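Asks: Below you'll find run25.tsv; it's TSV, C-alpha atoms (C1' of nucleotides).
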```tsv
chain	number	residue	atom	x	y	z
A	61	MET	CA	25.11	18.16	-20.55
A	62	PRO	CA	25.54	21.79	-19.73
A	63	GLU	CA	28.13	22.89	-17.21
A	64	LEU	CA	29.14	26.41	-16.30
A	65	PRO	CA	30.54	27.47	-19.71
A	66	GLU	CA	27.51	26.13	-21.58
A	67	VAL	CA	25.03	27.75	-19.21
A	68	GLU	CA	26.94	31.02	-19.36
A	69	THR	CA	26.82	30.89	-23.16
A	70	VAL	CA	23.08	30.21	-23.14
A	71	VAL	CA	22.48	33.14	-20.80
A	72	ARG	CA	24.54	35.50	-22.95
A	73	SER	CA	22.80	34.37	-26.13
A	74	LEU	CA	19.35	34.85	-24.61
A	75	ALA	CA	19.82	38.11	-22.73
A	76	PRO	CA	19.48	40.62	-25.60
A	77	HIS	CA	16.31	38.88	-26.80
A	78	LEU	CA	14.57	38.34	-23.47
A	79	ILE	CA	15.24	41.38	-21.32
A	80	GLY	CA	12.26	43.73	-21.41
A	81	ARG	CA	9.98	41.10	-22.94
A	82	ARG	CA	6.59	40.38	-21.41
A	83	ILE	CA	5.42	36.80	-20.99
A	84	VAL	CA	1.96	36.76	-22.58
A	85	GLN	CA	1.32	33.10	-21.85
A	86	ALA	CA	3.24	30.07	-20.60
A	87	ALA	CA	2.50	26.35	-20.88
A	88	PHE	CA	4.23	23.29	-19.40
A	89	THR	CA	3.68	19.64	-20.28
A	90	SER	CA	6.13	17.52	-18.30
A	91	LYS	CA	5.53	16.40	-14.73
A	92	PHE	CA	9.27	15.81	-14.38
A	93	VAL	CA	10.57	19.14	-15.66
A	94	THR	CA	7.87	21.08	-13.84
A	95	PRO	CA	6.99	19.06	-10.73
A	96	GLY	CA	3.94	20.19	-8.81
A	97	ASN	CA	1.17	22.35	-10.14
A	98	ARG	CA	2.04	23.17	-13.75
A	99	SER	CA	-0.99	25.29	-14.52
A	100	LYS	CA	-0.43	27.31	-11.36
A	101	LEU	CA	3.14	28.01	-12.46
A	102	ALA	CA	1.89	29.04	-15.92
A	103	ALA	CA	-0.70	31.35	-14.37
A	104	ARG	CA	1.92	32.93	-12.15
A	105	LEU	CA	4.08	33.78	-15.18
A	106	ALA	CA	1.37	35.24	-17.41
A	107	GLY	CA	1.72	39.00	-17.66
A	108	ARG	CA	5.16	39.13	-16.01
A	109	THR	CA	8.02	41.09	-17.56
A	110	ILE	CA	11.56	39.70	-17.80
A	111	VAL	CA	13.87	42.25	-16.21
A	112	GLY	CA	17.11	40.25	-16.12
A	113	ILE	CA	18.78	36.91	-16.79
A	114	GLN	CA	21.84	35.54	-15.08
A	115	ARG	CA	23.71	32.35	-14.25
A	116	ARG	CA	24.40	30.91	-10.81
A	117	GLY	CA	26.38	27.67	-10.94
A	118	LYS	CA	24.57	25.66	-13.61
A	119	PHE	CA	21.25	27.39	-12.93
A	120	ILE	CA	19.64	30.06	-15.11
A	121	LEU	CA	17.86	32.76	-13.12
A	122	LEU	CA	15.14	34.62	-14.98
A	123	ALA	CA	14.40	37.73	-12.96
A	124	LEU	CA	10.82	38.92	-13.42
A	125	ASP	CA	9.15	42.12	-12.29
A	126	GLN	CA	7.69	39.94	-9.55
A	127	GLY	CA	9.77	36.94	-8.47
A	128	THR	CA	12.35	34.74	-10.15
A	129	LEU	CA	11.98	31.71	-12.40
A	130	VAL	CA	14.83	29.23	-12.15
A	131	VAL	CA	15.80	26.86	-14.97
A	132	HIS	CA	18.25	23.97	-14.75
A	133	LEU	CA	19.04	22.29	-18.08
A	134	GLY	CA	19.85	18.88	-16.58
A	135	MET	CA	21.63	16.73	-19.16
A	136	THR	CA	19.79	17.52	-22.38
A	137	GLY	CA	17.81	20.71	-21.72
A	138	ARG	CA	17.77	23.58	-24.23
A	139	LEU	CA	16.24	27.04	-24.16
A	140	LEU	CA	15.55	28.00	-27.76
A	141	LEU	CA	14.52	31.32	-29.26
A	142	ASP	CA	12.23	31.29	-32.25
A	143	GLY	CA	14.24	30.65	-35.37
A	144	ALA	CA	16.31	27.97	-33.64
A	145	PRO	CA	15.43	24.49	-34.91
A	146	ALA	CA	13.30	22.73	-32.31
A	147	GLY	CA	11.32	19.53	-33.03
A	148	GLU	CA	10.43	16.86	-30.46
A	149	HIS	CA	10.40	16.99	-26.67
A	150	ILE	CA	9.22	20.55	-26.13
A	151	TYR	CA	7.98	20.69	-22.52
A	152	GLY	CA	7.76	24.43	-21.96
A	153	VAL	CA	6.55	27.27	-24.17
A	154	PHE	CA	6.80	30.94	-23.26
A	155	ALA	CA	4.80	33.13	-25.63
A	156	LEU	CA	6.32	36.61	-25.43
A	157	ASP	CA	5.02	39.98	-26.57
A	158	ARG	CA	7.65	39.62	-29.27
A	159	GLY	CA	8.77	36.10	-30.13
A	160	VAL	CA	8.67	32.72	-28.37
A	161	LEU	CA	11.01	30.87	-26.02
A	162	ARG	CA	10.84	27.08	-25.93
A	163	TYR	CA	12.22	24.54	-23.46
A	164	GLN	CA	13.31	21.26	-25.05
A	165	ASP	CA	14.59	18.30	-23.03
A	166	PRO	CA	14.54	14.69	-24.32
A	167	ARG	CA	15.61	13.14	-21.00
A	168	GLN	CA	13.55	15.50	-18.84
A	169	PHE	CA	16.30	15.76	-16.23
A	170	GLY	CA	16.04	19.54	-16.32
A	171	ARG	CA	13.78	21.61	-14.04
A	172	ILE	CA	11.77	24.80	-14.38
A	173	GLU	CA	10.83	26.00	-10.90
A	174	TRP	CA	9.75	28.97	-8.86
A	175	ASN	CA	12.40	29.88	-6.25
A	176	PRO	CA	13.86	26.40	-5.66
A	177	ARG	CA	15.66	25.98	-2.35
A	178	ARG	CA	18.64	24.31	-4.02
A	179	ILE	CA	19.98	27.70	-5.11
A	180	ALA	CA	20.68	28.65	-1.51
A	181	ARG	CA	22.83	25.57	-1.00
A	182	LEU	CA	25.22	26.30	-3.86
A	183	GLY	CA	28.89	26.80	-3.14
A	184	PRO	CA	31.00	29.70	-4.42
A	185	GLU	CA	31.42	30.60	-8.08
A	186	PRO	CA	34.67	29.12	-9.43
A	187	LEU	CA	35.51	32.30	-11.35
A	188	GLU	CA	34.94	34.52	-8.31
A	189	ILE	CA	36.46	32.65	-5.37
A	190	GLY	CA	40.03	33.70	-4.51
A	191	VAL	CA	42.95	31.32	-4.32
A	192	GLN	CA	43.30	31.57	-0.52
A	193	GLU	CA	39.65	30.78	0.15
A	194	PHE	CA	39.61	27.99	-2.45
A	195	SER	CA	42.73	26.39	-1.01
A	196	LYS	CA	41.36	26.58	2.51
A	197	ARG	CA	38.03	24.99	1.57
A	198	LEU	CA	39.72	22.30	-0.53
A	199	ARG	CA	42.28	21.27	2.06
A	200	ALA	CA	39.66	21.11	4.80
A	201	ARG	CA	38.04	18.13	3.08
A	202	LYS	CA	38.97	14.46	3.25
A	203	ALA	CA	37.07	13.57	0.10
A	204	ARG	CA	38.70	12.62	-3.17
A	205	VAL	CA	39.24	15.64	-5.34
A	206	LYS	CA	37.15	14.66	-8.38
A	207	PRO	CA	33.95	13.88	-6.45
A	208	LEU	CA	34.53	17.08	-4.48
A	209	LEU	CA	34.74	19.19	-7.64
A	210	LEU	CA	31.40	17.71	-8.75
A	211	ASP	CA	29.78	18.64	-5.42
A	212	GLN	CA	27.79	21.80	-6.19
A	213	SER	CA	27.78	22.85	-2.55
A	214	PHE	CA	31.58	22.85	-2.59
A	215	LEU	CA	31.93	24.76	-5.88
A	216	ALA	CA	29.05	25.67	-8.18
A	217	GLY	CA	29.28	25.01	-11.88
A	218	LEU	CA	31.84	22.31	-12.61
A	219	GLY	CA	30.57	19.09	-14.15
A	220	ASN	CA	32.18	15.95	-15.46
A	221	ILE	CA	33.97	17.46	-18.47
A	222	TYR	CA	35.51	20.47	-16.78
A	223	ALA	CA	36.42	18.61	-13.58
A	224	ASP	CA	38.45	16.15	-15.66
A	225	GLU	CA	40.00	18.89	-17.81
A	226	ALA	CA	40.91	21.06	-14.82
A	227	LEU	CA	42.54	18.14	-12.98
A	228	PHE	CA	44.58	17.35	-16.08
A	229	ALA	CA	45.66	20.98	-16.43
A	230	ALA	CA	46.71	20.98	-12.76
A	231	GLY	CA	48.46	17.60	-12.97
A	232	ILE	CA	46.39	16.15	-10.12
A	233	HIS	CA	45.07	12.57	-9.97
A	234	PRO	CA	41.26	12.51	-9.75
A	235	LEU	CA	41.36	10.20	-6.72
A	236	ALA	CA	43.86	12.33	-4.77
A	237	VAL	CA	42.65	13.14	-1.25
A	238	ALA	CA	41.86	16.86	-1.05
A	239	SER	CA	43.20	17.40	2.47
A	240	ARG	CA	46.56	15.98	1.45
A	241	LEU	CA	47.17	18.36	-1.45
A	242	SER	CA	49.96	20.88	-0.85
A	243	ALA	CA	49.14	24.59	-0.88
A	244	ALA	CA	51.04	24.87	-4.15
A	245	ARG	CA	48.99	22.12	-5.78
A	246	ALA	CA	45.74	23.61	-4.48
A	247	ALA	CA	46.76	26.93	-6.03
A	248	ARG	CA	47.53	25.19	-9.32
A	249	LEU	CA	44.08	23.61	-9.30
A	250	HIS	CA	42.45	26.97	-8.60
A	251	GLN	CA	44.25	28.50	-11.58
A	252	ALA	CA	43.56	25.47	-13.79
A	253	ILE	CA	39.82	25.71	-13.10
A	254	ARG	CA	39.87	29.40	-13.99
A	255	ASP	CA	41.84	28.80	-17.17
A	256	VAL	CA	39.73	25.90	-18.40
A	257	LEU	CA	36.39	27.61	-17.71
A	258	THR	CA	37.49	30.91	-19.23
A	259	LEU	CA	38.80	29.24	-22.38
A	260	ALA	CA	35.65	27.12	-22.66
A	261	ILE	CA	33.42	30.20	-22.40
A	262	GLU	CA	35.48	31.86	-25.15
A	263	HIS	CA	34.76	28.82	-27.30
A	264	ARG	CA	31.03	28.92	-26.46
A	265	GLY	CA	31.13	25.65	-24.49
A	266	SER	CA	31.49	22.00	-25.52
A	267	SER	CA	28.97	20.45	-27.94
A	268	ILE	CA	29.32	16.68	-27.82
A	269	SER	CA	25.80	15.63	-28.69
A	270	ASP	CA	23.01	17.86	-27.45
A	271	TYR	CA	24.27	21.19	-26.25
A	272	VAL	CA	23.42	24.33	-28.24
A	273	ASP	CA	22.90	27.98	-27.27
A	274	GLY	CA	19.66	29.95	-27.54
A	275	HIS	CA	20.00	30.26	-31.30
A	276	GLY	CA	20.78	26.57	-31.84
A	277	GLY	CA	24.50	27.30	-32.27
A	278	ARG	CA	27.07	24.71	-31.20
A	279	GLY	CA	30.14	25.30	-29.08
A	280	TRP	CA	33.55	24.05	-30.13
A	281	PHE	CA	35.62	23.67	-26.96
A	282	GLN	CA	35.32	19.88	-27.40
A	283	VAL	CA	38.10	20.05	-29.99
A	284	LEU	CA	40.42	21.28	-27.24
A	285	HIS	CA	39.59	18.57	-24.69
A	286	ASN	CA	42.79	16.96	-23.43
A	287	VAL	CA	41.31	14.00	-21.56
A	288	TYR	CA	37.49	13.96	-21.63
A	289	GLY	CA	36.30	11.45	-24.24
A	290	ARG	CA	39.89	10.63	-25.22
A	291	GLU	CA	40.34	7.22	-23.60
A	292	GLY	CA	43.19	5.29	-25.21
A	293	GLN	CA	44.41	8.30	-27.20
A	294	PRO	CA	47.86	9.79	-26.57
A	295	CYS	CA	48.22	12.52	-23.96
A	296	ALA	CA	49.02	15.84	-25.67
A	297	ARG	CA	51.73	16.49	-23.09
A	298	CYS	CA	53.56	13.19	-22.71
A	299	GLY	CA	52.07	10.75	-25.21
A	300	SER	CA	50.87	8.20	-22.63
A	301	ALA	CA	47.48	6.62	-23.32
A	302	ILE	CA	44.63	8.46	-21.59
A	303	ARG	CA	42.89	6.21	-19.07
A	304	LYS	CA	39.24	6.03	-18.05
A	305	ILE	CA	38.09	4.92	-14.61
A	306	THR	CA	34.93	5.41	-12.54
A	307	ALA	CA	34.88	7.99	-9.75
A	308	ALA	CA	31.78	9.33	-8.04
A	309	GLY	CA	29.87	7.03	-10.37
A	310	ARG	CA	31.05	9.00	-13.40
A	311	GLY	CA	33.43	8.23	-16.22
A	312	THR	CA	36.72	9.87	-15.24
A	313	HIS	CA	39.50	10.54	-17.71
A	314	PHE	CA	43.11	11.28	-16.87
A	315	CYS	CA	46.72	10.83	-17.95
A	316	PRO	CA	48.36	8.16	-15.75
A	317	ASN	CA	51.76	9.78	-16.26
A	318	CYS	CA	50.96	13.49	-15.87
A	319	GLN	CA	48.49	12.92	-13.02
A	320	ARG	CA	50.26	10.68	-10.51
A	321	ARG	CA	48.68	9.55	-7.27
B	56	DC	C1'	31.75	13.09	6.76
B	57	DC	C1'	32.36	10.17	2.75
B	58	DG	C1'	31.44	7.07	-1.10
B	59	DA	C1'	28.87	3.73	-3.62
B	60	DA	C1'	24.64	2.48	-5.71
B	61	DG	C1'	20.28	3.16	-7.42
B	62	DA	C1'	16.71	6.22	-9.08
B	63	DC	C1'	14.79	9.62	-12.29
B	64	DC	C1'	14.23	9.82	-18.24
B	65	DT	C1'	15.24	9.05	-23.45
B	66	DG	C1'	18.29	8.04	-27.22
B	67	DC	C1'	22.36	6.46	-29.28
B	68	DT	C1'	26.09	3.14	-30.08
B	69	DG	C1'	29.11	-0.71	-29.87
B	70	DG	C1'	29.63	-5.42	-29.64
B	71	DC	C1'	27.96	-9.84	-30.40
C	45	DT	C1'	21.45	-7.00	-40.39
C	46	DG	C1'	19.48	-6.63	-35.83
C	47	DC	C1'	19.12	-6.55	-31.02
C	48	DC	C1'	20.10	-4.97	-26.43
C	49	DA	C1'	23.27	-3.87	-22.63
C	50	DG	C1'	25.57	-0.03	-21.43
C	51	DC	C1'	26.47	4.62	-21.47
C	52	DA	C1'	25.55	9.87	-21.63
C	53	DG	C1'	27.41	16.81	-20.13
C	54	DG	C1'	23.10	16.13	-13.68
C	55	DT	C1'	21.28	15.61	-9.14
C	56	DC	C1'	18.84	13.38	-5.32
C	57	DT	C1'	18.13	9.77	-1.80
C	58	DT	C1'	19.44	5.86	0.78
C	59	DC	C1'	22.55	3.04	3.01
C	60	DG	C1'	26.81	1.33	5.16
```
What would the structure in this file look like if it were written as structure tokens?
Replies:
Amino acid sequence: MPELPEVETVVRSLAPHLIGRRIVQAAFTSKFVTPGNRSKLAARLAGRTIVGIQRRGKFILLALDQGTLVVHLGMTGRLLLDGAPAGEHIYGVFALDRGVLRYQDPRQFGRIEWNPRRIARLGPEPLEIGVQEFSKRLRARKARVKPLLLDQSFLAGLGNIYADEALFAAGIHPLAVASRLSAARAARLHQAIRDVLTLAIEHRGSSISDYVDGHGGRGWFQVLHNVYGREGQPCARCGSAIRKITAAGRGTHFCPNCQRR
DNA sequence: CCGAAGACCTGCTGGC
DNA sequence: TGCCAGCAGGTCTTCG
């Protein structure tokens, strides 16, 4: 579910309500979301104060006065402040000195962990890397461009929606070989990624089925999708029917006319 | 190094 | 109407 724009929106919606709060008590009830010793994790959090919250790739980093708690929302994870409608599938509860934060996740693909090693293996932030560095990294790889964009150690934060949308904006076929892209096309892709992510953040992310921010609010970038979820519909640029194929095991949407091999 | 496939979960939908 | 295969915004492991 949540890619960089959604996670960024969640972080921004939570920050004013969480920073400075003390965790009075925590409880976890899923062996998938919180692998390992759940009561030990809860004990470690009790009494800690939240001093900061930030995003790294698709991860949420909750900086505490001692240590860092890392949350990944997986496909259907939500962090909800009190007042946001919750319901079923609550697998984490953080009782704060003022208010409550809940973790909801029907599919339990998300993770709540203490200093996971995966963070260290993340690639650069797409909104921070410069065009030269991006182009160099991209053209050094023989992989197909779509699977590469989904590789979090190559670039941290893109997922299936924004990879497809960025490739459309850049006019690049998802199965193009990265090392064979010209410098000009690599630069176009760099700019397209920046544009798509920035616009999506401005629209508070894409809400297709599950995604909401910390208050339960939906995003609306989905109305601006050009290819994702638009199989068979006319391309906004040229009118050709949008096609859907499988790449990297994921549904991949593109315009066969605007994105030639 | 690269890609495909299967695994981890639950819920919804589209086609028969 | 009702059932079930297939699919879903993510990531990891295994295998060729």
Asks: Skipping near chain neighbours, those fewer than 4 positions away, what residues fall within 7 Å of range 81-84 of chain A using all atoms listed in the file, listed as number ranges by chain?
Replies: A: 105-110, 154-158
Asks: Show me, as a PyMOL selection string, every residue of chain B with an atom at most 8 Å from chain A, counting all atoms listed in the file.
Replies: chain B and resi 57-59+63-65
Asks: Excluding DA52 in chain C and residues on its chain fewer than 4 positions from it, collect all residues at most 10 Å away from it, counting only C-alpha atoms (C1' of nucleotides), and give them as a ChimeraX atom specification.
Replies: /A:61,135-136,268-269,310-311 /B:66-67
Asks: Could you tell me which residues of chain A sit within 10 Å of chain C when counting all atoms listed in the file, and give me the result as a list in words?
Replies: Met61, Pro62, Glu63, Glu66, Lys118, His132, Leu133, Gly134, Met135, Thr136, Phe169, Gly170, Leu210, Asp211, Gln212, Gly219, Asn220, Ile221, Tyr222, Ser266, Ser267, Ile268, Ser269, Asp270, Tyr271, Arg310 and Gly311 of chain A
Asks: With C-alpha atoms kept, could you save the residues just selected as a compact mmCIF listing (two decimals), in the frame of the given file?
Replies:
```
# COMPACT_ATOMS: atom_id res chain seq x y z
CA MET A 61 25.11 18.16 -20.55
CA PRO A 62 25.54 21.79 -19.73
CA GLU A 63 28.13 22.89 -17.21
CA GLU A 66 27.51 26.13 -21.58
CA LYS A 118 24.57 25.66 -13.61
CA HIS A 132 18.25 23.97 -14.75
CA LEU A 133 19.04 22.29 -18.08
CA GLY A 134 19.85 18.88 -16.58
CA MET A 135 21.63 16.73 -19.16
CA THR A 136 19.79 17.52 -22.38
CA PHE A 169 16.30 15.76 -16.23
CA GLY A 170 16.04 19.54 -16.32
CA LEU A 210 31.40 17.71 -8.75
CA ASP A 211 29.78 18.64 -5.42
CA GLN A 212 27.79 21.80 -6.19
CA GLY A 219 30.57 19.09 -14.15
CA ASN A 220 32.18 15.95 -15.46
CA ILE A 221 33.97 17.46 -18.47
CA TYR A 222 35.51 20.47 -16.78
CA SER A 266 31.49 22.00 -25.52
CA SER A 267 28.97 20.45 -27.94
CA ILE A 268 29.32 16.68 -27.82
CA SER A 269 25.80 15.63 -28.69
CA ASP A 270 23.01 17.86 -27.45
CA TYR A 271 24.27 21.19 -26.25
CA ARG A 310 31.05 9.00 -13.40
CA GLY A 311 33.43 8.23 -16.22
```
Asks: So how far away is CA of Ala216 in chain A from CA of Gly80 in chain A, in Å?
Replies: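 Straight-line distance from CA of Gly80 in chain A to CA of Ala216 in chain A works out to 28.0 Å.
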